[in-house]
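Enquirer: My structure is stored as coords_20.txt, with compact mmCIF, N, CA and C atoms.
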```txt
# COMPACT_ATOMS: atom_id res chain seq x y z
N MET A 80 0.85 -1.18 0.00
CA MET A 80 0.00 0.00 0.00
C MET A 80 0.89 1.25 0.00
N HIS A 81 0.68 2.12 -0.97
CA HIS A 81 1.46 3.35 -0.98
C HIS A 81 0.86 4.35 0.01
N SER A 82 1.66 5.31 0.41
CA SER A 82 1.21 6.30 1.38
C SER A 82 0.19 7.24 0.76
N ILE A 83 -0.96 7.35 1.40
CA ILE A 83 -1.97 8.31 0.96
C ILE A 83 -2.19 9.28 2.11
N LEU A 84 -2.19 10.54 1.78
CA LEU A 84 -2.20 11.59 2.80
C LEU A 84 -3.53 12.34 2.84
N VAL A 85 -3.84 12.88 4.00
CA VAL A 85 -5.03 13.69 4.20
C VAL A 85 -5.10 14.81 3.17
N THR A 86 -3.97 15.47 2.87
CA THR A 86 -3.97 16.60 1.96
C THR A 86 -4.50 16.24 0.56
N ASP A 87 -4.37 14.96 0.18
CA ASP A 87 -4.83 14.54 -1.14
C ASP A 87 -6.33 14.34 -1.23
N PHE A 88 -7.02 14.25 -0.09
CA PHE A 88 -8.45 13.94 -0.08
C PHE A 88 -9.30 14.96 0.68
N MET A 89 -8.67 15.88 1.40
CA MET A 89 -9.43 16.83 2.21
C MET A 89 -10.09 17.90 1.36
N ASN A 90 -11.09 18.54 1.95
CA ASN A 90 -11.72 19.72 1.36
C ASN A 90 -10.81 20.89 1.71
N HIS A 91 -10.24 21.51 0.67
CA HIS A 91 -9.29 22.61 0.89
C HIS A 91 -9.98 23.95 1.15
N GLN A 92 -11.30 24.00 1.00
CA GLN A 92 -12.06 25.24 1.21
C GLN A 92 -13.25 24.97 2.14
N PRO A 93 -12.99 24.56 3.38
CA PRO A 93 -14.11 24.22 4.26
C PRO A 93 -14.91 25.45 4.67
N THR A 94 -16.17 25.23 4.94
CA THR A 94 -17.03 26.30 5.46
C THR A 94 -16.60 26.57 6.90
N VAL A 95 -16.48 27.83 7.23
CA VAL A 95 -16.10 28.23 8.59
C VAL A 95 -17.06 29.29 9.09
N ILE A 96 -17.05 29.46 10.40
CA ILE A 96 -17.82 30.54 11.02
C ILE A 96 -16.94 31.19 12.08
N LEU A 97 -17.09 32.48 12.23
CA LEU A 97 -16.31 33.20 13.24
C LEU A 97 -16.83 32.89 14.64
N HIS A 98 -15.94 32.90 15.59
CA HIS A 98 -16.29 32.61 16.99
C HIS A 98 -17.26 33.63 17.56
N THR A 99 -17.42 34.77 16.93
CA THR A 99 -18.33 35.81 17.41
C THR A 99 -19.78 35.61 16.94
N ALA A 100 -20.01 34.61 16.08
CA ALA A 100 -21.35 34.35 15.56
C ALA A 100 -22.24 33.70 16.62
N ASN A 101 -23.54 33.68 16.35
CA ASN A 101 -24.43 32.97 17.27
C ASN A 101 -24.92 31.67 16.63
N ILE A 102 -25.59 30.86 17.42
CA ILE A 102 -26.02 29.54 16.97
C ILE A 102 -27.00 29.63 15.81
N ARG A 103 -27.89 30.59 15.83
CA ARG A 103 -28.84 30.73 14.72
C ARG A 103 -28.09 30.94 13.40
N GLU A 104 -27.08 31.79 13.43
CA GLU A 104 -26.27 32.03 12.23
C GLU A 104 -25.56 30.75 11.78
N ALA A 105 -25.08 29.98 12.73
CA ALA A 105 -24.41 28.72 12.42
C ALA A 105 -25.38 27.73 11.77
N VAL A 106 -26.59 27.64 12.33
CA VAL A 106 -27.59 26.72 11.78
C VAL A 106 -27.97 27.13 10.36
N ILE A 107 -28.20 28.41 10.14
CA ILE A 107 -28.56 28.89 8.80
C ILE A 107 -27.45 28.53 7.81
N LEU A 108 -26.20 28.73 8.20
CA LEU A 108 -25.07 28.41 7.32
C LEU A 108 -25.00 26.91 7.03
N MET A 109 -25.19 26.09 8.07
CA MET A 109 -25.16 24.63 7.86
C MET A 109 -26.28 24.20 6.91
N LEU A 110 -27.46 24.77 7.07
CA LEU A 110 -28.58 24.41 6.20
C LEU A 110 -28.33 24.86 4.76
N GLU A 111 -27.79 26.07 4.59
CA GLU A 111 -27.49 26.57 3.24
C GLU A 111 -26.46 25.70 2.54
N LYS A 112 -25.43 25.29 3.28
CA LYS A 112 -24.33 24.53 2.69
C LYS A 112 -24.57 23.02 2.70
N LYS A 113 -25.68 22.61 3.38
CA LYS A 113 -26.02 21.18 3.50
C LYS A 113 -24.86 20.39 4.13
N ILE A 114 -24.39 20.92 5.27
CA ILE A 114 -23.30 20.28 6.00
C ILE A 114 -23.75 20.01 7.43
N ILE A 115 -23.03 19.11 8.11
CA ILE A 115 -23.44 18.68 9.45
C ILE A 115 -22.66 19.37 10.57
N GLY A 116 -21.76 20.26 10.22
CA GLY A 116 -20.98 20.96 11.23
C GLY A 116 -20.07 21.98 10.60
N ILE A 117 -19.55 22.85 11.45
CA ILE A 117 -18.70 23.95 10.95
C ILE A 117 -17.52 24.14 11.90
N SER A 118 -16.36 24.34 11.29
CA SER A 118 -15.18 24.73 12.07
C SER A 118 -15.35 26.18 12.50
N VAL A 119 -15.00 26.45 13.75
CA VAL A 119 -15.10 27.80 14.30
C VAL A 119 -13.69 28.37 14.37
N VAL A 120 -13.52 29.55 13.79
CA VAL A 120 -12.20 30.17 13.73
C VAL A 120 -12.23 31.57 14.32
N ASP A 121 -11.03 32.05 14.68
CA ASP A 121 -10.92 33.45 15.09
C ASP A 121 -10.56 34.30 13.88
N GLU A 122 -10.32 35.56 14.11
CA GLU A 122 -10.06 36.48 13.00
C GLU A 122 -8.77 36.16 12.23
N GLN A 123 -7.84 35.44 12.86
CA GLN A 123 -6.59 35.04 12.20
C GLN A 123 -6.69 33.66 11.55
N HIS A 124 -7.88 33.10 11.51
CA HIS A 124 -8.17 31.79 10.91
C HIS A 124 -7.57 30.63 11.72
N ASN A 125 -7.34 30.89 13.03
CA ASN A 125 -6.93 29.82 13.93
C ASN A 125 -8.19 29.05 14.33
N LEU A 126 -8.10 27.73 14.35
CA LEU A 126 -9.23 26.92 14.79
C LEU A 126 -9.41 27.09 16.29
N VAL A 127 -10.64 27.43 16.71
CA VAL A 127 -10.92 27.57 18.13
C VAL A 127 -11.99 26.59 18.61
N GLY A 128 -12.65 25.91 17.66
CA GLY A 128 -13.67 24.94 18.04
C GLY A 128 -14.39 24.38 16.83
N TYR A 129 -15.41 23.58 17.13
CA TYR A 129 -16.21 22.96 16.07
C TYR A 129 -17.63 22.86 16.60
N VAL A 130 -18.60 23.24 15.79
CA VAL A 130 -20.00 23.16 16.19
C VAL A 130 -20.73 22.24 15.21
N SER A 131 -21.48 21.29 15.77
CA SER A 131 -22.20 20.32 14.95
C SER A 131 -23.70 20.57 15.04
N GLU A 132 -24.43 19.90 14.15
CA GLU A 132 -25.90 19.98 14.20
C GLU A 132 -26.38 19.58 15.59
N GLN A 133 -25.82 18.51 16.12
CA GLN A 133 -26.24 18.02 17.43
C GLN A 133 -26.04 19.08 18.51
N ASP A 134 -24.94 19.83 18.42
CA ASP A 134 -24.68 20.90 19.39
C ASP A 134 -25.75 21.98 19.33
N CYS A 135 -26.36 22.15 18.17
CA CYS A 135 -27.29 23.26 17.93
C CYS A 135 -28.74 22.95 18.26
N VAL A 136 -29.12 21.69 18.30
CA VAL A 136 -30.53 21.34 18.44
C VAL A 136 -31.15 21.90 19.72
N ALA A 137 -30.55 21.64 20.86
CA ALA A 137 -31.12 22.13 22.12
C ALA A 137 -31.18 23.65 22.14
N GLN A 138 -30.14 24.27 21.62
CA GLN A 138 -30.11 25.74 21.59
C GLN A 138 -31.24 26.30 20.74
N MET A 139 -31.48 25.68 19.60
CA MET A 139 -32.55 26.16 18.71
C MET A 139 -33.93 25.91 19.33
N LEU A 140 -34.08 24.84 20.09
CA LEU A 140 -35.35 24.63 20.81
C LEU A 140 -35.61 25.79 21.76
N ASN A 141 -34.58 26.21 22.48
CA ASN A 141 -34.72 27.35 23.40
C ASN A 141 -35.06 28.63 22.65
N VAL A 142 -34.43 28.83 21.50
CA VAL A 142 -34.69 30.04 20.71
C VAL A 142 -36.13 30.05 20.22
N VAL A 143 -36.57 28.92 19.66
CA VAL A 143 -37.89 28.86 19.03
C VAL A 143 -39.02 28.79 20.05
N PHE A 144 -38.90 27.91 21.03
CA PHE A 144 -40.02 27.68 21.94
C PHE A 144 -40.00 28.51 23.21
N HIS A 145 -38.85 28.95 23.61
CA HIS A 145 -38.76 29.75 24.84
C HIS A 145 -38.39 31.20 24.54
N GLU A 146 -38.31 31.50 23.24
CA GLU A 146 -38.02 32.85 22.77
C GLU A 146 -36.80 33.46 23.44
N GLU A 147 -35.78 32.63 23.63
CA GLU A 147 -34.52 33.11 24.18
C GLU A 147 -33.64 33.62 23.06
N GLU A 148 -32.70 34.46 23.41
CA GLU A 148 -31.71 34.92 22.44
C GLU A 148 -30.79 33.75 22.11
N PRO A 149 -30.37 33.64 20.86
CA PRO A 149 -29.47 32.54 20.51
C PRO A 149 -28.13 32.65 21.25
N SER A 150 -27.65 31.53 21.72
CA SER A 150 -26.35 31.49 22.38
C SER A 150 -25.25 31.77 21.36
N SER A 151 -24.11 32.18 21.86
CA SER A 151 -22.98 32.36 20.96
C SER A 151 -22.41 31.00 20.60
N VAL A 152 -21.79 30.93 19.46
CA VAL A 152 -21.16 29.70 19.01
C VAL A 152 -20.14 29.24 20.05
N GLN A 153 -19.41 30.19 20.63
CA GLN A 153 -18.38 29.85 21.62
C GLN A 153 -18.94 29.12 22.84
N GLU A 154 -20.17 29.42 23.22
CA GLU A 154 -20.78 28.77 24.38
C GLU A 154 -21.12 27.31 24.12
N VAL A 155 -21.35 26.97 22.86
CA VAL A 155 -21.88 25.66 22.51
C VAL A 155 -20.84 24.76 21.84
N MET A 156 -19.89 25.33 21.17
CA MET A 156 -18.94 24.55 20.36
C MET A 156 -18.08 23.62 21.22
N ALA A 157 -17.64 22.56 20.58
CA ALA A 157 -16.64 21.69 21.19
C ALA A 157 -15.30 22.40 21.09
N LYS A 158 -14.59 22.46 22.20
CA LYS A 158 -13.29 23.15 22.20
C LYS A 158 -12.12 22.18 22.04
N ASN A 159 -12.30 20.96 22.49
CA ASN A 159 -11.27 19.94 22.34
C ASN A 159 -11.55 19.15 21.07
N VAL A 160 -11.15 19.70 19.96
CA VAL A 160 -11.46 19.14 18.65
C VAL A 160 -10.34 18.20 18.21
N THR A 161 -10.73 17.02 17.74
CA THR A 161 -9.75 16.09 17.18
C THR A 161 -9.36 16.61 15.81
N THR A 162 -8.09 16.93 15.63
CA THR A 162 -7.62 17.49 14.37
C THR A 162 -6.55 16.59 13.77
N VAL A 163 -6.26 16.83 12.50
CA VAL A 163 -5.17 16.15 11.81
C VAL A 163 -4.37 17.20 11.05
N THR A 164 -3.24 16.80 10.52
CA THR A 164 -2.43 17.69 9.70
C THR A 164 -2.52 17.22 8.25
N PRO A 165 -2.14 18.07 7.31
CA PRO A 165 -2.15 17.64 5.91
C PRO A 165 -1.29 16.41 5.66
N GLY A 166 -0.24 16.22 6.46
CA GLY A 166 0.66 15.10 6.28
C GLY A 166 0.27 13.82 7.02
N THR A 167 -0.85 13.87 7.75
CA THR A 167 -1.35 12.66 8.40
C THR A 167 -1.73 11.67 7.31
N THR A 168 -1.41 10.41 7.52
CA THR A 168 -1.79 9.42 6.50
C THR A 168 -3.26 9.04 6.69
N ILE A 169 -3.87 8.64 5.60
CA ILE A 169 -5.26 8.18 5.64
C ILE A 169 -5.37 6.96 6.57
N VAL A 170 -4.37 6.11 6.56
CA VAL A 170 -4.39 4.92 7.44
C VAL A 170 -4.42 5.35 8.90
N GLU A 171 -3.59 6.32 9.28
CA GLU A 171 -3.60 6.82 10.66
C GLU A 171 -4.96 7.39 11.03
N LEU A 172 -5.53 8.18 10.14
CA LEU A 172 -6.84 8.77 10.41
C LEU A 172 -7.92 7.69 10.47
N ALA A 173 -7.87 6.72 9.59
CA ALA A 173 -8.84 5.62 9.61
C ALA A 173 -8.79 4.90 10.94
N GLN A 174 -7.60 4.69 11.47
CA GLN A 174 -7.46 4.02 12.77
C GLN A 174 -8.05 4.88 13.89
N THR A 175 -7.93 6.19 13.78
CA THR A 175 -8.53 7.11 14.75
C THR A 175 -10.05 7.03 14.67
N ILE A 176 -10.57 7.01 13.45
CA ILE A 176 -12.02 7.00 13.24
C ILE A 176 -12.67 5.77 13.87
N ILE A 177 -11.97 4.66 13.87
CA ILE A 177 -12.53 3.42 14.42
C ILE A 177 -12.97 3.61 15.87
N THR A 178 -12.25 4.42 16.63
CA THR A 178 -12.56 4.58 18.05
C THR A 178 -12.98 6.00 18.43
N SER A 179 -13.22 6.85 17.44
CA SER A 179 -13.48 8.25 17.71
C SER A 179 -14.88 8.65 17.22
N ARG A 180 -15.51 9.59 17.88
CA ARG A 180 -16.87 10.00 17.58
C ARG A 180 -17.02 10.94 16.38
N PRO A 181 -16.11 11.89 16.16
CA PRO A 181 -16.37 12.89 15.12
C PRO A 181 -16.57 12.30 13.73
N LYS A 182 -17.39 13.00 12.96
CA LYS A 182 -17.61 12.63 11.56
C LYS A 182 -16.71 13.47 10.65
N ASN A 183 -16.28 14.63 11.16
CA ASN A 183 -15.42 15.54 10.41
C ASN A 183 -14.19 15.87 11.25
N TYR A 184 -13.07 16.03 10.55
CA TYR A 184 -11.80 16.33 11.22
C TYR A 184 -11.17 17.57 10.58
N PRO A 185 -11.11 18.68 11.34
CA PRO A 185 -10.41 19.85 10.81
C PRO A 185 -8.93 19.52 10.56
N VAL A 186 -8.41 20.08 9.48
CA VAL A 186 -7.01 19.88 9.12
C VAL A 186 -6.27 21.18 9.46
N ILE A 187 -5.27 21.04 10.31
CA ILE A 187 -4.55 22.19 10.86
C ILE A 187 -3.10 22.17 10.40
N ASP A 188 -2.61 23.34 10.02
CA ASP A 188 -1.20 23.50 9.71
C ASP A 188 -0.71 24.73 10.46
N ASP A 189 0.15 24.54 11.42
CA ASP A 189 0.69 25.63 12.25
C ASP A 189 -0.44 26.42 12.93
N GLY A 190 -1.44 25.70 13.44
CA GLY A 190 -2.54 26.33 14.16
C GLY A 190 -3.66 26.86 13.28
N LYS A 191 -3.38 27.00 12.00
CA LYS A 191 -4.37 27.56 11.07
C LYS A 191 -5.19 26.44 10.44
N LEU A 192 -6.47 26.71 10.25
CA LEU A 192 -7.34 25.76 9.57
C LEU A 192 -7.04 25.82 8.07
N VAL A 193 -6.67 24.68 7.50
CA VAL A 193 -6.34 24.63 6.07
C VAL A 193 -7.25 23.68 5.30
N GLY A 194 -8.12 22.96 6.02
CA GLY A 194 -9.01 22.04 5.34
C GLY A 194 -9.87 21.28 6.32
N LEU A 195 -10.65 20.36 5.77
CA LEU A 195 -11.52 19.50 6.56
C LEU A 195 -11.60 18.17 5.84
N ILE A 196 -11.55 17.10 6.60
CA ILE A 196 -11.71 15.77 5.99
C ILE A 196 -12.77 15.01 6.78
N SER A 197 -13.65 14.35 6.04
CA SER A 197 -14.76 13.63 6.66
C SER A 197 -14.52 12.13 6.57
N ARG A 198 -15.34 11.39 7.30
CA ARG A 198 -15.29 9.93 7.20
C ARG A 198 -15.51 9.49 5.76
N THR A 199 -16.42 10.18 5.07
CA THR A 199 -16.72 9.84 3.67
C THR A 199 -15.47 9.96 2.80
N GLU A 200 -14.72 11.03 2.98
CA GLU A 200 -13.50 11.22 2.19
C GLU A 200 -12.43 10.19 2.54
N VAL A 201 -12.39 9.78 3.81
CA VAL A 201 -11.45 8.72 4.20
C VAL A 201 -11.85 7.41 3.52
N LEU A 202 -13.15 7.11 3.52
CA LEU A 202 -13.61 5.89 2.83
C LEU A 202 -13.29 5.95 1.34
N GLN A 203 -13.44 7.13 0.73
CA GLN A 203 -13.11 7.29 -0.69
C GLN A 203 -11.62 7.02 -0.92
N ALA A 204 -10.79 7.54 -0.05
CA ALA A 204 -9.35 7.31 -0.17
C ALA A 204 -9.03 5.82 -0.05
N LEU A 205 -9.69 5.15 0.88
CA LEU A 205 -9.44 3.73 1.08
C LEU A 205 -9.93 2.91 -0.11
N ILE A 206 -11.11 3.25 -0.65
CA ILE A 206 -11.62 2.50 -1.80
C ILE A 206 -10.76 2.76 -3.03
N ASP A 207 -10.32 4.01 -3.21
CA ASP A 207 -9.42 4.32 -4.33
C ASP A 207 -8.15 3.50 -4.22
N ASN A 208 -7.62 3.41 -3.00
CA ASN A 208 -6.40 2.65 -2.79
C ASN A 208 -6.64 1.15 -2.98
N SER A 209 -7.81 0.67 -2.57
CA SER A 209 -8.10 -0.75 -2.75
C SER A 209 -8.27 -1.07 -4.23
N ASN A 210 -8.80 -0.13 -5.01
CA ASN A 210 -8.91 -0.32 -6.45
C ASN A 210 -7.53 -0.44 -7.08
N ASP A 211 -6.60 0.43 -6.64
CA ASP A 211 -5.22 0.35 -7.14
C ASP A 211 -4.61 -1.00 -6.81
N THR A 212 -4.81 -1.44 -5.58
CA THR A 212 -4.26 -2.72 -5.14
C THR A 212 -4.91 -3.88 -5.89
N TYR A 213 -6.23 -3.82 -6.03
CA TYR A 213 -6.99 -4.88 -6.70
C TYR A 213 -6.54 -5.00 -8.15
N HIS A 214 -6.43 -3.85 -8.84
CA HIS A 214 -6.05 -3.87 -10.24
C HIS A 214 -4.59 -4.24 -10.45
N ALA A 215 -3.77 -4.02 -9.42
CA ALA A 215 -2.35 -4.38 -9.52
C ALA A 215 -2.17 -5.90 -9.56
N HIS A 216 -3.17 -6.63 -9.04
CA HIS A 216 -3.10 -8.11 -9.03
C HIS A 216 -3.70 -8.73 -10.26
N ASP A 217 -4.31 -7.96 -11.13
CA ASP A 217 -4.92 -8.50 -12.36
C ASP A 217 -3.89 -9.03 -13.32
```
Write out the structure in this file as structure tokens.

Expert:
Amino acid sequence: MHSILVTDFMNHQPTVILHTANIREAVILMLEKKIIGISVVDEQHNLVGYVSEQDCVAQMLNVVFHEEEPSSVQEVMAKNVTTVTPGTTIVELAQTIITSRPKNYPVIDDGKLVGLISRTEVLQALIDNSNDTYHAHD
């Protein structure tokens, strides 16, 4: 198996939201982009957290049914985010996914968000690699 890296399969232009946004803004963005979560960044594009659909549901219930002001993204986001680097191998990430909850993994280079890779993209990398291996035996 040749080395396959996160950088070859990641989304190089992930959707982000500023840490100063509120949950309603995050939900609207997720719905517009048809995504299940968003990396939260500061003004210098440093990753500061990640907010998922699941993180937003209870908050939106409070907004809609209790007419509360939407919480800030910072109050709700996960701060201990499992990240990878562009040079992480797909095999290493696949092994992490086996025992880890996240569906998306922000890709960080020197603290800056440079991409996002999902379980789907990891599976694509693995199937592409298995096709190469399978066809090599023909």

Enquirer: So, with only C-alpha atoms as the atoms that count, which of A:Val201, A:Met156, A:Lys191, A:Gly116 lies closest to Val170 in chain A?

Expert: A:Val201

Enquirer: If we count only C-alpha atoms and set the cut-off at 8 Å, which residues sit around Gly194 in chain A, ignoring sequence neighbours fewer than 4 positions away in its own chain? Please answer as JSON, numbers by chain.

Expert: {"A": [89, 90, 91, 92, 93, 185, 186, 187]}

Enquirer: Could you check the closest approach to Arg198 in chain A for each of A:Pro165, A:Pro181, A:Pro149, A:Gly128 and tell me which residue wins, using only C-alpha atoms?

Expert: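 Counting only C-alpha atoms, the residue closest to Arg198 in chain A is A:Pro181.
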
Enquirer: I'd like to know which of A:His98, A:Lys112, A:Tyr184, A:Thr175 is closest to Thr161 in chain A, using all atoms listed in the file.

Expert: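 Using all atoms listed in the file, Thr161 in chain A sits closest to A:Tyr184.
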
Enquirer: Would you give me, as a list in words, the residues in chain A that DSSP reads as strand (DSSP E)?

Expert: Val95, Ile96, Leu97, Gly116, Ile117, Ser118, Val119, Val120, Leu126, Val127, Gly128, Tyr129, Val130, Ser131, Asn183, Tyr184, Pro185, Val186, Ile187, Asp188, Lys191, Leu192, Val193, Gly194, Leu195, Ile196 and Ser197 of chain A

Enquirer: Just list the residues in chain A DSSP gives helix (DSSP H, G or I) on the backbone, as a short mmCIF file (atom, residue, chain, number, x, y, z; two decimals) with N, CA and C atoms, in the coordinates of the input.

Expert:
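That gives us states.cif:
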```cif
data_model
loop_
_atom_site.label_atom_id
_atom_site.label_comp_id
_atom_site.auth_asym_id
_atom_site.auth_seq_id
_atom_site.Cartn_x
_atom_site.Cartn_y
_atom_site.Cartn_z
N VAL A 85 -3.84 12.88 4.00
CA VAL A 85 -5.03 13.69 4.20
C VAL A 85 -5.10 14.81 3.17
N THR A 86 -3.97 15.47 2.87
CA THR A 86 -3.97 16.60 1.96
C THR A 86 -4.50 16.24 0.56
N ASP A 87 -4.37 14.96 0.18
CA ASP A 87 -4.83 14.54 -1.14
C ASP A 87 -6.33 14.34 -1.23
N ILE A 102 -25.59 30.86 17.42
CA ILE A 102 -26.02 29.54 16.97
C ILE A 102 -27.00 29.63 15.81
N ARG A 103 -27.89 30.59 15.83
CA ARG A 103 -28.84 30.73 14.72
C ARG A 103 -28.09 30.94 13.40
N GLU A 104 -27.08 31.79 13.43
CA GLU A 104 -26.27 32.03 12.23
C GLU A 104 -25.56 30.75 11.78
N ALA A 105 -25.08 29.98 12.73
CA ALA A 105 -24.41 28.72 12.42
C ALA A 105 -25.38 27.73 11.77
N VAL A 106 -26.59 27.64 12.33
CA VAL A 106 -27.59 26.72 11.78
C VAL A 106 -27.97 27.13 10.36
N ILE A 107 -28.20 28.41 10.14
CA ILE A 107 -28.56 28.89 8.80
C ILE A 107 -27.45 28.53 7.81
N LEU A 108 -26.20 28.73 8.20
CA LEU A 108 -25.07 28.41 7.32
C LEU A 108 -25.00 26.91 7.03
N MET A 109 -25.19 26.09 8.07
CA MET A 109 -25.16 24.63 7.86
C MET A 109 -26.28 24.20 6.91
N LEU A 110 -27.46 24.77 7.07
CA LEU A 110 -28.58 24.41 6.20
C LEU A 110 -28.33 24.86 4.76
N GLU A 111 -27.79 26.07 4.59
CA GLU A 111 -27.49 26.57 3.24
C GLU A 111 -26.46 25.70 2.54
N LYS A 112 -25.43 25.29 3.28
CA LYS A 112 -24.33 24.53 2.69
C LYS A 112 -24.57 23.02 2.70
N GLU A 132 -24.43 19.90 14.15
CA GLU A 132 -25.90 19.98 14.20
C GLU A 132 -26.38 19.58 15.59
N GLN A 133 -25.82 18.51 16.12
CA GLN A 133 -26.24 18.02 17.43
C GLN A 133 -26.04 19.08 18.51
N ASP A 134 -24.94 19.83 18.42
CA ASP A 134 -24.68 20.90 19.39
C ASP A 134 -25.75 21.98 19.33
N CYS A 135 -26.36 22.15 18.17
CA CYS A 135 -27.29 23.26 17.93
C CYS A 135 -28.74 22.95 18.26
N VAL A 136 -29.12 21.69 18.30
CA VAL A 136 -30.53 21.34 18.44
C VAL A 136 -31.15 21.90 19.72
N ALA A 137 -30.55 21.64 20.86
CA ALA A 137 -31.12 22.13 22.12
C ALA A 137 -31.18 23.65 22.14
N GLN A 138 -30.14 24.27 21.62
CA GLN A 138 -30.11 25.74 21.59
C GLN A 138 -31.24 26.30 20.74
N MET A 139 -31.48 25.68 19.60
CA MET A 139 -32.55 26.16 18.71
C MET A 139 -33.93 25.91 19.33
N LEU A 140 -34.08 24.84 20.09
CA LEU A 140 -35.35 24.63 20.81
C LEU A 140 -35.61 25.79 21.76
N ASN A 141 -34.58 26.21 22.48
CA ASN A 141 -34.72 27.35 23.40
C ASN A 141 -35.06 28.63 22.65
N VAL A 142 -34.43 28.83 21.50
CA VAL A 142 -34.69 30.04 20.71
C VAL A 142 -36.13 30.05 20.22
N VAL A 143 -36.57 28.92 19.66
CA VAL A 143 -37.89 28.86 19.03
C VAL A 143 -39.02 28.79 20.05
N PHE A 144 -38.90 27.91 21.03
CA PHE A 144 -40.02 27.68 21.94
C PHE A 144 -40.00 28.51 23.21
N VAL A 152 -21.79 30.93 19.46
CA VAL A 152 -21.16 29.70 19.01
C VAL A 152 -20.14 29.24 20.05
N GLN A 153 -19.41 30.19 20.63
CA GLN A 153 -18.38 29.85 21.62
C GLN A 153 -18.94 29.12 22.84
N GLU A 154 -20.17 29.42 23.22
CA GLU A 154 -20.78 28.77 24.38
C GLU A 154 -21.12 27.31 24.12
N VAL A 155 -21.35 26.97 22.86
CA VAL A 155 -21.88 25.66 22.51
C VAL A 155 -20.84 24.76 21.84
N ILE A 169 -3.87 8.64 5.60
CA ILE A 169 -5.26 8.18 5.64
C ILE A 169 -5.37 6.96 6.57
N VAL A 170 -4.37 6.11 6.56
CA VAL A 170 -4.39 4.92 7.44
C VAL A 170 -4.42 5.35 8.90
N GLU A 171 -3.59 6.32 9.28
CA GLU A 171 -3.60 6.82 10.66
C GLU A 171 -4.96 7.39 11.03
N LEU A 172 -5.53 8.18 10.14
CA LEU A 172 -6.84 8.77 10.41
C LEU A 172 -7.92 7.69 10.47
N ALA A 173 -7.87 6.72 9.59
CA ALA A 173 -8.84 5.62 9.61
C ALA A 173 -8.79 4.90 10.94
N GLN A 174 -7.60 4.69 11.47
CA GLN A 174 -7.46 4.02 12.77
C GLN A 174 -8.05 4.88 13.89
N THR A 175 -7.93 6.19 13.78
CA THR A 175 -8.53 7.11 14.75
C THR A 175 -10.05 7.03 14.67
N ILE A 176 -10.57 7.01 13.45
CA ILE A 176 -12.02 7.00 13.24
C ILE A 176 -12.67 5.77 13.87
N ILE A 177 -11.97 4.66 13.87
CA ILE A 177 -12.53 3.42 14.42
C ILE A 177 -12.97 3.61 15.87
N THR A 178 -12.25 4.42 16.63
CA THR A 178 -12.56 4.58 18.05
C THR A 178 -12.98 6.00 18.43
N ARG A 198 -15.34 11.39 7.30
CA ARG A 198 -15.29 9.93 7.20
C ARG A 198 -15.51 9.49 5.76
N THR A 199 -16.42 10.18 5.07
CA THR A 199 -16.72 9.84 3.67
C THR A 199 -15.47 9.96 2.80
N GLU A 200 -14.72 11.03 2.98
CA GLU A 200 -13.50 11.22 2.19
C GLU A 200 -12.43 10.19 2.54
N VAL A 201 -12.39 9.78 3.81
CA VAL A 201 -11.45 8.72 4.20
C VAL A 201 -11.85 7.41 3.52
N LEU A 202 -13.15 7.11 3.52
CA LEU A 202 -13.61 5.89 2.83
C LEU A 202 -13.29 5.95 1.34
N GLN A 203 -13.44 7.13 0.73
CA GLN A 203 -13.11 7.29 -0.69
C GLN A 203 -11.62 7.02 -0.92
N ALA A 204 -10.79 7.54 -0.05
CA ALA A 204 -9.35 7.31 -0.17
C ALA A 204 -9.03 5.82 -0.05
N LEU A 205 -9.69 5.15 0.88
CA LEU A 205 -9.44 3.73 1.08
C LEU A 205 -9.93 2.91 -0.11
N ILE A 206 -11.11 3.25 -0.65
CA ILE A 206 -11.62 2.50 -1.80
C ILE A 206 -10.76 2.76 -3.03
N ASP A 207 -10.32 4.01 -3.21
CA ASP A 207 -9.42 4.32 -4.33
C ASP A 207 -8.15 3.50 -4.22
N ASN A 208 -7.62 3.41 -3.00
CA ASN A 208 -6.40 2.65 -2.79
C ASN A 208 -6.64 1.15 -2.98
N SER A 209 -7.81 0.67 -2.57
CA SER A 209 -8.10 -0.75 -2.75
C SER A 209 -8.27 -1.07 -4.23
N ASN A 210 -8.80 -0.13 -5.01
CA ASN A 210 -8.91 -0.32 -6.45
C ASN A 210 -7.53 -0.44 -7.08
N ASP A 211 -6.60 0.43 -6.64
CA ASP A 211 -5.22 0.35 -7.14
C ASP A 211 -4.61 -1.00 -6.81
N THR A 212 -4.81 -1.44 -5.58
CA THR A 212 -4.26 -2.72 -5.14
C THR A 212 -4.91 -3.88 -5.89
N TYR A 213 -6.23 -3.82 -6.03
CA TYR A 213 -6.99 -4.88 -6.70
C TYR A 213 -6.54 -5.00 -8.15
N HIS A 214 -6.43 -3.85 -8.84
CA HIS A 214 -6.05 -3.87 -10.24
C HIS A 214 -4.59 -4.24 -10.45
N ALA A 215 -3.77 -4.02 -9.42
CA ALA A 215 -2.35 -4.38 -9.52
C ALA A 215 -2.17 -5.90 -9.56
#
```

Enquirer: So, with all atoms listed in the file as the atoms that count, which of A:Leu108, A:Lys158, A:Phe88, A:Asp121 lies closest to Gln203 in chain A?

Expert: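 Looking at the shortest contact to Gln203 in chain A, the residue is A:Phe88.
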
Enquirer: Just how far from atom C of Ile117 in chain A is CA of Glu148 in chain A, in Å to one decimal?

Expert: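 So the two atoms, CA of Glu148 in chain A and atom C of Ile117 in chain A, lie 20.7 Å apart.
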